[in-house]
Structures are given as structure tokens and as C-alpha cells.
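Colleague: Below is data18.cif; it holds mmCIF, C-alpha atoms.
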data_my_file
#
loop_
_atom_site.label_atom_id
_atom_site.label_comp_id
_atom_site.auth_asym_id
_atom_site.auth_seq_id
_atom_site.Cartn_x
_atom_site.Cartn_y
_atom_site.Cartn_z
CA MET P 13 -3.15 35.29 90.40
CA THR P 14 -6.56 34.11 89.14
CA ALA P 15 -8.04 31.32 91.25
CA PRO P 16 -7.45 28.04 89.41
CA GLU P 17 -10.33 26.20 87.77
CA VAL P 18 -8.28 23.02 87.60
CA SER P 19 -5.34 21.73 89.60
CA VAL P 20 -2.83 19.39 87.96
CA VAL P 21 -0.94 16.94 90.17
CA LEU P 22 2.49 16.14 88.71
CA PRO P 23 4.52 13.58 90.70
CA THR P 24 8.18 13.19 89.81
CA TRP P 25 11.18 11.17 90.88
CA GLN P 26 14.69 11.47 89.42
CA ARG P 27 13.44 13.08 86.21
CA ALA P 28 14.83 16.60 86.38
CA HIS P 29 16.10 16.20 82.82
CA LEU P 30 12.54 15.60 81.53
CA LEU P 31 10.54 17.70 83.96
CA ASP P 32 10.97 21.08 82.27
CA ASP P 33 9.53 19.92 78.96
CA SER P 34 6.68 18.07 80.62
CA LEU P 35 5.80 20.98 82.88
CA GLN P 36 5.95 23.49 80.04
CA SER P 37 3.44 21.44 78.06
CA LEU P 38 0.97 22.01 80.90
CA LEU P 39 1.71 25.70 81.33
CA ALA P 40 1.13 26.19 77.59
CA GLN P 41 -2.49 25.00 77.91
CA THR P 42 -5.04 27.65 76.98
CA GLY P 43 -8.69 28.35 77.75
CA VAL P 44 -8.54 27.49 81.44
CA ALA P 45 -7.06 28.89 84.66
CA LEU P 46 -4.72 26.29 86.13
CA GLU P 47 -2.22 25.50 88.80
CA VAL P 48 0.37 22.72 88.73
CA VAL P 49 1.37 21.03 91.96
CA VAL P 50 4.74 19.35 91.37
CA VAL P 51 5.39 16.69 93.99
CA ASP P 52 9.00 15.58 94.30
CA ASP P 53 9.05 12.03 95.63
CA GLY P 54 12.42 12.37 97.35
CA SER P 55 14.58 12.86 94.25
CA THR P 56 18.36 13.14 94.69
CA ASP P 57 18.91 14.98 91.40
CA ASP P 58 18.45 18.75 90.97
CA THR P 59 14.65 18.68 90.82
CA ALA P 60 14.27 20.78 93.97
CA ALA P 61 16.72 23.42 92.76
CA ARG P 62 14.98 23.70 89.40
CA MET P 63 11.57 24.07 91.01
CA ALA P 64 12.80 26.64 93.52
CA ALA P 65 13.94 28.80 90.61
CA HIS P 66 10.83 28.31 88.48
CA PRO P 67 9.42 31.71 87.51
CA ASP P 68 5.77 30.80 86.85
CA PRO P 69 3.52 31.54 89.87
CA ARG P 70 1.09 28.85 88.71
CA VAL P 71 3.65 26.21 89.73
CA ARG P 72 3.67 25.08 93.34
CA PHE P 73 6.25 22.67 94.72
CA VAL P 74 5.81 19.97 97.36
CA ARG P 75 8.59 17.65 98.50
CA ILE P 76 8.08 14.36 100.36
CA ASP P 77 10.31 11.51 101.44
CA HIS P 78 10.51 8.82 98.77
CA ALA P 79 7.37 6.71 99.11
CA GLY P 80 6.23 5.90 95.57
CA VAL P 81 3.96 7.45 93.00
CA ALA P 82 0.69 6.80 94.84
CA ALA P 83 1.94 8.63 97.95
CA ALA P 84 3.18 11.49 95.77
CA ARG P 85 -0.19 11.78 94.05
CA ASN P 86 -1.95 11.79 97.42
CA ALA P 87 0.30 14.59 98.65
CA GLY P 88 -0.45 16.52 95.48
CA ILE P 89 -4.21 16.10 95.83
CA ALA P 90 -4.02 17.37 99.42
CA ALA P 91 -2.24 20.52 98.20
CA THR P 92 -4.64 21.35 95.35
CA ARG P 93 -7.21 24.15 95.50
CA ALA P 94 -9.46 23.82 92.44
CA ALA P 95 -12.82 22.12 91.99
CA TYR P 96 -11.37 19.88 89.27
CA VAL P 97 -8.22 17.79 89.57
CA ALA P 98 -6.16 16.38 86.70
CA PHE P 99 -2.99 14.31 86.73
CA HIS P 100 0.15 14.33 84.63
CA ASP P 101 3.37 12.30 84.55
CA SER P 102 6.73 14.03 84.62
CA ASP P 103 8.03 12.30 81.49
CA ASP P 104 4.94 12.83 79.30
CA ARG P 105 3.70 15.81 77.28
CA ALA P 106 0.25 17.36 77.58
CA LEU P 107 -1.30 17.98 74.17
CA PRO P 108 -3.53 20.95 73.28
CA GLY P 109 -6.95 20.68 74.91
CA ARG P 110 -5.70 18.48 77.74
CA LEU P 111 -7.35 20.71 80.35
CA ALA P 112 -9.82 23.00 78.57
CA VAL P 113 -11.77 20.09 77.04
CA PRO P 114 -12.56 18.20 80.26
CA VAL P 115 -13.09 21.32 82.38
CA ARG P 116 -15.62 22.67 79.89
CA TYR P 117 -17.40 19.30 79.81
CA LEU P 118 -17.54 19.02 83.59
CA ARG P 119 -18.88 22.58 83.94
CA GLU P 120 -21.61 21.89 81.39
CA HIS P 121 -22.54 18.44 82.74
CA PRO P 122 -22.78 18.61 86.55
CA GLY P 123 -23.87 14.97 86.75
CA ILE P 124 -20.50 13.78 85.39
CA ASP P 125 -17.51 13.45 87.72
CA LEU P 126 -14.79 12.05 85.48
CA VAL P 127 -13.75 12.88 81.92
CA ILE P 128 -11.35 10.48 80.23
CA GLN P 129 -9.54 11.54 77.05
CA ASN P 130 -7.56 9.46 74.62
CA GLY P 131 -3.78 9.71 74.29
CA ARG P 132 -0.87 8.97 72.02
CA LEU P 133 1.66 6.24 72.82
CA LEU P 134 5.07 7.20 71.48
CA ALA P 135 7.52 4.69 70.07
CA PRO P 136 9.43 2.82 72.83
CA ASP P 137 12.92 4.09 73.60
CA ASP P 138 14.38 0.72 72.61
CA ALA P 139 12.33 0.46 69.40
CA PRO P 140 12.30 3.95 67.85
CA GLY P 141 11.05 2.64 64.52
CA GLU P 142 7.82 1.33 66.00
CA PRO P 143 4.86 3.48 64.93
CA GLU P 144 3.01 5.69 67.38
CA ARG P 145 -0.53 4.62 68.23
CA SER P 146 -3.53 5.75 70.19
CA TRP P 147 -3.90 4.61 73.79
CA ILE P 148 -7.48 3.55 73.05
CA ALA P 149 -7.84 1.96 69.60
CA PRO P 150 -10.29 3.68 67.22
CA GLY P 151 -12.98 0.98 67.35
CA VAL P 152 -12.98 0.85 71.13
CA ALA P 153 -12.84 4.64 71.37
CA ARG P 154 -16.00 4.98 69.28
CA ARG P 155 -17.83 2.58 71.57
CA LEU P 156 -16.67 4.36 74.72
CA ALA P 157 -17.56 7.79 73.37
CA ALA P 158 -21.10 6.75 72.42
CA ALA P 159 -22.57 7.10 75.93
CA PRO P 160 -21.67 7.65 79.60
CA PHE P 161 -20.18 4.55 81.09
CA GLY P 162 -19.39 3.02 84.46
CA VAL P 163 -17.16 0.55 86.19
CA GLU P 164 -17.83 -2.28 83.76
CA ALA P 165 -16.16 -0.35 80.92
CA ALA P 166 -13.24 0.75 83.08
CA PHE P 167 -12.75 -2.87 84.16
CA ARG P 168 -13.06 -4.34 80.68
CA TRP P 169 -10.65 -1.91 79.01
CA ASN P 170 -8.22 -1.30 81.91
CA LEU P 171 -8.69 2.47 81.80
CA GLY P 172 -5.93 3.61 84.10
CA GLN P 173 -3.92 6.35 82.36
CA LEU P 174 -4.49 9.24 84.75
CA GLN P 175 -2.69 11.71 82.49
CA GLY P 176 -5.77 11.57 80.27
CA MET P 177 -8.27 12.14 83.08
CA CYS P 178 -9.89 14.99 84.95
CA PHE P 179 -11.92 14.39 88.15
CA THR P 180 -14.26 16.47 90.24
CA ARG P 181 -12.93 17.04 93.71
CA ARG P 182 -16.10 15.58 95.21
CA ALA P 183 -15.40 12.25 93.50
CA LEU P 184 -11.81 12.14 94.76
CA ASP P 185 -12.82 13.18 98.27
CA ALA P 186 -15.58 10.55 98.43
CA THR P 187 -13.42 7.77 97.01
CA GLY P 188 -10.45 8.22 99.26
CA PRO P 189 -6.69 8.29 98.66
CA LEU P 190 -4.75 6.23 96.16
CA ASP P 191 -3.55 2.91 97.50
CA THR P 192 0.12 3.29 98.44
CA ARG P 193 0.55 -0.50 98.60
CA LEU P 194 0.36 -0.61 94.80
CA THR P 195 3.48 0.18 92.79
CA ILE P 196 2.00 0.28 89.26
CA LEU P 197 -1.79 0.04 89.20
CA ASP P 198 -2.73 2.65 91.80
CA ASP P 199 -4.15 4.61 88.86
CA LEU P 200 -6.44 1.81 87.63
CA ASP P 201 -7.54 1.13 91.20
CA LEU P 202 -8.57 4.76 91.61
CA VAL P 203 -10.51 4.82 88.33
CA LEU P 204 -12.38 1.62 89.19
CA ARG P 205 -13.35 2.95 92.60
CA VAL P 206 -14.51 6.28 91.17
CA THR P 207 -16.54 4.72 88.34
CA ALA P 208 -18.16 2.31 90.79
CA ARG P 209 -19.82 5.34 92.40
CA PHE P 210 -19.81 8.17 89.87
CA ARG P 211 -20.59 8.71 86.20
CA ALA P 212 -17.81 9.09 83.65
CA VAL P 213 -17.51 9.90 79.97
CA PHE P 214 -14.88 9.25 77.32
CA VAL P 215 -13.91 12.02 74.91
CA ASP P 216 -11.96 10.81 71.90
CA THR P 217 -9.40 13.59 71.67
CA GLU P 218 -5.70 12.98 72.33
CA ALA P 219 -4.70 14.68 75.57
CA PHE P 220 -1.21 13.33 76.23
CA ALA P 221 1.86 11.86 74.56
CA TYR P 222 3.13 8.90 76.58
CA ARG P 223 6.79 7.91 76.68
CA ARG P 224 7.51 4.18 76.80
CA HIS P 225 10.85 3.56 78.47
CA ALA P 226 13.07 0.53 78.02
CA GLY P 227 12.90 -1.47 81.23
CA GLY P 228 10.22 0.75 82.71
CA ILE P 229 8.27 -0.63 85.65
CA ALA P 230 5.09 -0.84 83.60
CA ARG P 231 6.82 -3.52 81.51
CA ARG P 232 7.17 -5.79 84.54
CA ARG P 233 4.25 -7.93 83.50
CA ASP P 234 4.49 -10.20 86.55
CA VAL P 235 3.93 -7.24 88.90
CA VAL P 236 1.18 -5.86 86.66
CA ARG P 237 -0.70 -9.19 86.72
CA GLU P 238 -0.35 -9.61 90.48
CA GLU P 239 -1.57 -6.08 91.13
CA ALA P 240 -4.41 -6.41 88.59
CA ILE P 241 -5.69 -9.43 90.52
CA ARG P 242 -5.46 -7.59 93.85
CA VAL P 243 -7.14 -4.47 92.48
CA ALA P 244 -10.08 -6.38 90.98
CA ASP P 245 -10.59 -8.52 94.08
CA GLY P 246 -10.48 -5.44 96.29
CA LEU P 247 -12.98 -3.64 94.08
CA VAL P 248 -15.73 -6.23 94.43
CA VAL P 249 -15.15 -6.54 98.18
CA ARG P 250 -15.55 -2.77 98.69
CA HIS P 251 -18.21 -2.37 96.00
CA PRO P 252 -20.35 -5.49 95.57
CA GLU P 253 -22.51 -3.52 93.16
CA ALA P 254 -19.52 -3.40 90.82
CA LEU P 255 -19.58 -7.18 90.52
CA ALA P 256 -23.21 -7.03 89.44
CA ALA P 257 -22.38 -4.34 86.85
CA ILE P 258 -19.41 -6.26 85.45
CA GLY P 259 -21.16 -9.63 85.58
CA PRO P 260 -20.00 -12.45 87.90
CA ARG P 261 -19.03 -14.82 85.09
CA VAL P 262 -17.17 -12.09 83.19
CA PHE P 263 -15.33 -11.16 86.38
CA ARG P 264 -14.35 -14.75 87.19
CA THR P 265 -13.23 -15.43 83.63
CA ARG P 266 -11.09 -12.29 83.56
CA GLN P 267 -9.49 -13.06 86.91
CA ALA P 268 -8.89 -16.67 85.88
CA GLY P 269 -7.10 -15.45 82.76
CA ARG P 270 -4.85 -13.23 84.86
CA TRP P 271 -3.98 -16.08 87.19
CA ALA P 272 -3.30 -18.34 84.19
CA ARG P 273 -0.94 -15.82 82.59
CA LEU P 274 0.79 -15.37 85.92
CA ALA P 275 1.18 -19.16 86.15
CA ALA P 276 2.74 -19.28 82.69
CA ALA P 277 5.16 -16.46 83.56
CA ARG P 278 6.21 -18.19 86.78
CA ALA P 279 6.73 -21.45 84.93
CA ARG P 280 8.98 -19.75 82.39
CA ALA P 281 10.96 -18.26 85.27
CA GLY P 282 11.45 -21.74 86.76
CA ASP P 283 9.06 -21.23 89.70
CA GLN P 284 7.06 -24.44 89.31
CA ARG P 285 5.51 -24.30 92.77
CA GLY P 286 4.34 -20.72 92.25
CA ALA P 287 3.06 -21.64 88.80
CA ARG P 288 0.98 -24.51 90.15
CA ALA P 289 -0.44 -22.33 92.92
CA ALA P 290 -1.47 -19.62 90.42
CA LEU P 291 -3.01 -22.18 88.08
CA GLU P 292 -5.03 -23.67 90.95
CA GLN P 293 -6.47 -20.19 91.54
CA ALA P 294 -7.34 -19.89 87.87
CA ARG P 295 -9.05 -23.28 87.71
CA ALA P 296 -11.03 -22.60 90.88
CA LEU P 297 -12.40 -19.43 89.30
CA ALA P 298 -13.22 -20.99 85.93
CA PRO P 299 -13.58 -24.78 86.33
CA TRP P 300 -15.39 -24.94 82.99
CA ASN P 301 -12.34 -23.67 81.07
CA LEU P 302 -10.75 -26.49 79.07
CA ARG P 303 -7.72 -24.39 78.22
CA LEU P 304 -6.83 -24.16 81.90
CA ARG P 305 -6.99 -27.95 82.21
CA LEU P 306 -4.62 -28.32 79.27
CA GLN P 307 -2.30 -25.73 80.81
CA GLY P 308 -2.29 -27.81 83.99
CA LEU P 309 -1.33 -30.92 82.07
CA ARG P 310 1.55 -29.14 80.36
CA LEU P 311 2.73 -27.72 83.67
CA GLY P 312 2.56 -31.19 85.22
CA ARG P 313 4.68 -32.67 82.45
CA ARG P 314 7.21 -29.87 82.79
CA GLY P 315 7.42 -30.40 86.53
CA ALA P 316 7.82 -34.15 86.09
CA GLY P 317 10.63 -33.62 83.59
#
Have the structure of the file written as C-alpha cells, please.
Modeller:
Amino acid sequence: MTAPEVSVVLPTWQRAHLLDDSLQSLLAQTGVALEVVVVDDGSTDDTAARMAAHPDPRVRFVRIDHAGVAAARNAGIAATRAAYVAFHDSDDRALPGRLAVPVRYLREHPGIDLVIQNGRLLAPDDAPGEPERSWIAPGVARRLAAAPFGVEAAFRWNLGQLQGMCFTRRALDATGPLDTRLTILDDLDLVLRVTARFRAVFVDTEAFAYRRHAGGIARRRDVVREEAIRVADGLVVRHPEALAAIGPRVFRTRQAGRWARLAAARARAGDQRGARAALEQARALAPWNLRLRLQGLRLGRRGAG
């Protein structure tokens, strides 16, 4: 078999019924030599049996004990062989050009270590009439595609959909493994750490079709907000230069907004103590923000009632 130019890491857990279609969308890619490393995160369905019988030699199978998507991605990276590494999710479809476009760009631009492509968000399972839309809206996409960008853009626009990304191995090796303590935003954390040290570009072509599941973990906004706060705080501790690039006031305002939204969510759930603690964090970060003061007054009245 031809040595792969790009390795695709495909973690999966309990999705045997979707895996074949997702995997085939990768194997149908043209213009590039590829391998796909399927990492089974301890599934109890027939994923292992299906992979053992898979006829395509470009597919390699790794099985680990159930440890979450970040651990599965790390195991996949360790098993890859190519100079470029892409990621895919086992319930999504790769669209034409998903691999050939970024690999060609990375070959032709050796100073770039990450290519990010746009994607298509399919209608949610529980709202099939909702129209499809681009992951990155057209106006934002034009701005991102205008020039190479760094961590400030990744931070501002929450660029964390790995199934639209292709990395050089040197960037992944230098940045370190994905954080297995994160359950949702391990992808955003990785992108922020890479763009803090390496140059990236955005190419406005759709590379993936993303399924939105009813009750999916990404819809747990409380967990998303908590992890977003942790990821951003960790970034500026490890990379103080990222804070300078983002701007201290922009960073504090963004973090304050996350704490404020977390406070509101906790209040709605009846956790008044947790809401007050989150709001105190928000107000400490942005004491100039009148809206946060008003939110505190409303929370105080609710608690008194």
C-alpha cells in the first residue's frame, strides 16, 4: 500500500450503525493517499466485529477501554504514520475535498501548520425542518479567509470543529496530547494551544456535514460554559503571549460573559448559591459592566423571594 500522506483519526463509541457511512465518506476522498485510524472507545455494540471484517487496507483499527473522546483521539494520533493528521467524527460525513484541499495547501505553504475548512451543519434530529447552515457564517468566513490568523481568531470565534481541520504532525507533537479531563471542548483547547504557537489559515470550502443529535452532549450548555472558562484560563496560564494577542480587556470581558451566563443557568436550575458564586466571578473580571450589576440585583431579589 502507498505510504499515506495524511492520517485521519476517527474515534467512535456505540455508533456501529453510523460508522460505515461515515468511514466510507473518508475512503471516497480523492487526490490524496490516506489512512484512517478508527479508535473504538470501548464500545459494547458490534463496532469491533465490523472493523475486523473491513476489507479496505487503508483502515486500521485500535481499541481502548472507554475513556472519552480525548483519550480516543490521543490513541489515534499515537497510531498514525503520516506527516499530516486530520480528524473525523463517526457520525459525520466528509465532503469532497476534505483531505486533498488542506494537504495540498500544507505542502505548498511550509510555514503553515493548520488548515481549517468550513462545514455544513445539518438539521437537528429533533427539528428536521430547520434549514441547514454553514458552520462559519459567510461574513465571518470571508474575514477569516482574508489572511493567516492566530489564537485571537480561534478564541473569538470558538473554532473547535476538528472534523474540518488538518494539522502538521510537528504542531501536534509540539503542543502535546488532548486534555482528557475535558468532556466536550478538548477540540477547542487543542486548536487554541496550536494557534498560540503556529500559523493557521481558514479555507472557505465545506469539508464536513455535521449531525446535530437530540440530547447530544454538545447541547449541555452548562458543561460547555464551565469547560470554556477552564480552557481559556488554562490557555493564558500556559501561553501568556496569547493573552497579549487576544487583548486583556477582551479576554476578561469574554470570560465575564461566560460566568454570567453560567450564573443565569444555575439560577434557572434553582442553584442560587452556585449562581451567586458564578456572578461574583463575572463581576470581579468586569467590574465596569453595568449589566452584571443589574443581574446581581435580580438574583438577589430572586434569592430573597
Colleague: As a check of understanding, name the residues that the PyMOL selection byres ((chain P and resi 237-243) around 8) selects in the supplied structure, as an MDAnalysis selection string.
Modeller: chainID P and resid 194 196:197 200:201 233:236 244:247 267 270:271 273:274
Colleague: Near range 163-175 of chain P, counting all atoms listed in the file, which residues have an atom at most 6 Å away, once you skip same-chain residues fewer than 6 positions from it, shown as a list of chain:residue names?
Modeller: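 Answer for this query is P:Phe99, P:His100, P:Asp199, P:Leu200, P:Leu204, P:Thr207, P:Ala208, P:Ala257, P:Ile258.
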Colleague: On this file, the PyMOL selection byres ((chain P and resi 16) around 8) gives some set of residues; write that set as a count of residues only.
Modeller: 10
Colleague: I'd like the contact shell of range 120-127 of chain P - 10 Å cut-off, only C-alpha atoms, skipping same-chain residues fewer than 3 positions apart - returned as a VMD selection string.
Modeller: chain P and resid 96 to 98 113 to 117 160 176 to 184 203 206 to 207 209 to 215
Colleague: For the selection just defined, write its residues with C-alpha atoms to a file, as an mmCIF file, in the coordinates of the input.
Modeller:
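Here's the written file out_24.cif:
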data_model
loop_
_atom_site.group_PDB
_atom_site.id
_atom_site.type_symbol
_atom_site.label_atom_id
_atom_site.label_comp_id
_atom_site.auth_asym_id
_atom_site.auth_seq_id
_atom_site.Cartn_x
_atom_site.Cartn_y
_atom_site.Cartn_z
ATOM 1 C CA TYR P 96 -11.370 19.880 89.270
ATOM 2 C CA VAL P 97 -8.220 17.790 89.570
ATOM 3 C CA ALA P 98 -6.160 16.380 86.700
ATOM 4 C CA VAL P 113 -11.770 20.090 77.040
ATOM 5 C CA PRO P 114 -12.560 18.200 80.260
ATOM 6 C CA VAL P 115 -13.090 21.320 82.380
ATOM 7 C CA ARG P 116 -15.620 22.670 79.890
ATOM 8 C CA TYR P 117 -17.400 19.300 79.810
ATOM 9 C CA PRO P 160 -21.670 7.650 79.600
ATOM 10 C CA GLY P 176 -5.770 11.570 80.270
ATOM 11 C CA MET P 177 -8.270 12.140 83.080
ATOM 12 C CA CYS P 178 -9.890 14.990 84.950
ATOM 13 C CA PHE P 179 -11.920 14.390 88.150
ATOM 14 C CA THR P 180 -14.260 16.470 90.240
ATOM 15 C CA ARG P 181 -12.930 17.040 93.710
ATOM 16 C CA ARG P 182 -16.100 15.580 95.210
ATOM 17 C CA ALA P 183 -15.400 12.250 93.500
ATOM 18 C CA LEU P 184 -11.810 12.140 94.760
ATOM 19 C CA VAL P 203 -10.510 4.820 88.330
ATOM 20 C CA VAL P 206 -14.510 6.280 91.170
ATOM 21 C CA THR P 207 -16.540 4.720 88.340
ATOM 22 C CA ARG P 209 -19.820 5.340 92.400
ATOM 23 C CA PHE P 210 -19.810 8.170 89.870
ATOM 24 C CA ARG P 211 -20.590 8.710 86.200
ATOM 25 C CA ALA P 212 -17.810 9.090 83.650
ATOM 26 C CA VAL P 213 -17.510 9.900 79.970
ATOM 27 C CA PHE P 214 -14.880 9.250 77.320
ATOM 28 C CA VAL P 215 -13.910 12.020 74.910
#
Colleague: Can you measure CA of Ala112 in chain P to CA of Thr217 in chain P for me? One decimal in Å is fine.
Modeller: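 Separation between CA of Ala112 in chain P and CA of Thr217 in chain P: 11.7 Å.
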Colleague: From the options P:Ser55, P:Asp216, P:Ala296, P:Pro189, which residue's atoms come nearest to Val152 in chain P, counting only C-alpha atoms?
Modeller: P:Asp216
Colleague: Could you expand the PyMOL selection byres ((chain P and resi 134) around 12) into the explicit residues it covers here, written as a PyMOL selection string?
Modeller: chain P and resi 103-105+131-133+135-147+220-225
Colleague: Would you mind telling me which residue in P:Asp283, P:Asp101, P:Asp57, P:Glu253 lies nearest to Leu22 in chain P when using all atoms listed in the file?
Modeller: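 Nearest to Leu22 in chain P: P:Asp101.
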Colleague: Could you check how far CA of Leu202 in chain P sits from CA of Arg72 in chain P, in Å to one decimal?
Modeller: 23.8 Å
Colleague: Tell me which of P:Leu291, P:Ala83, P:Ala157, P:Ala65 sits closest to Gly269 in chain P, counting all atoms listed in the file.
Modeller: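 Between P:Leu291, P:Ala83, P:Ala157, P:Ala65, the residue approaching Gly269 in chain P most closely is P:Leu291.
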Colleague: Could you please determine the separation between CA of Arg62 in chain P and CA of Gln26 in chain P in Å, to one decimal place?
Modeller: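 Calculated distance between CA of Arg62 in chain P and CA of Gln26 in chain P is 12.2 Å.
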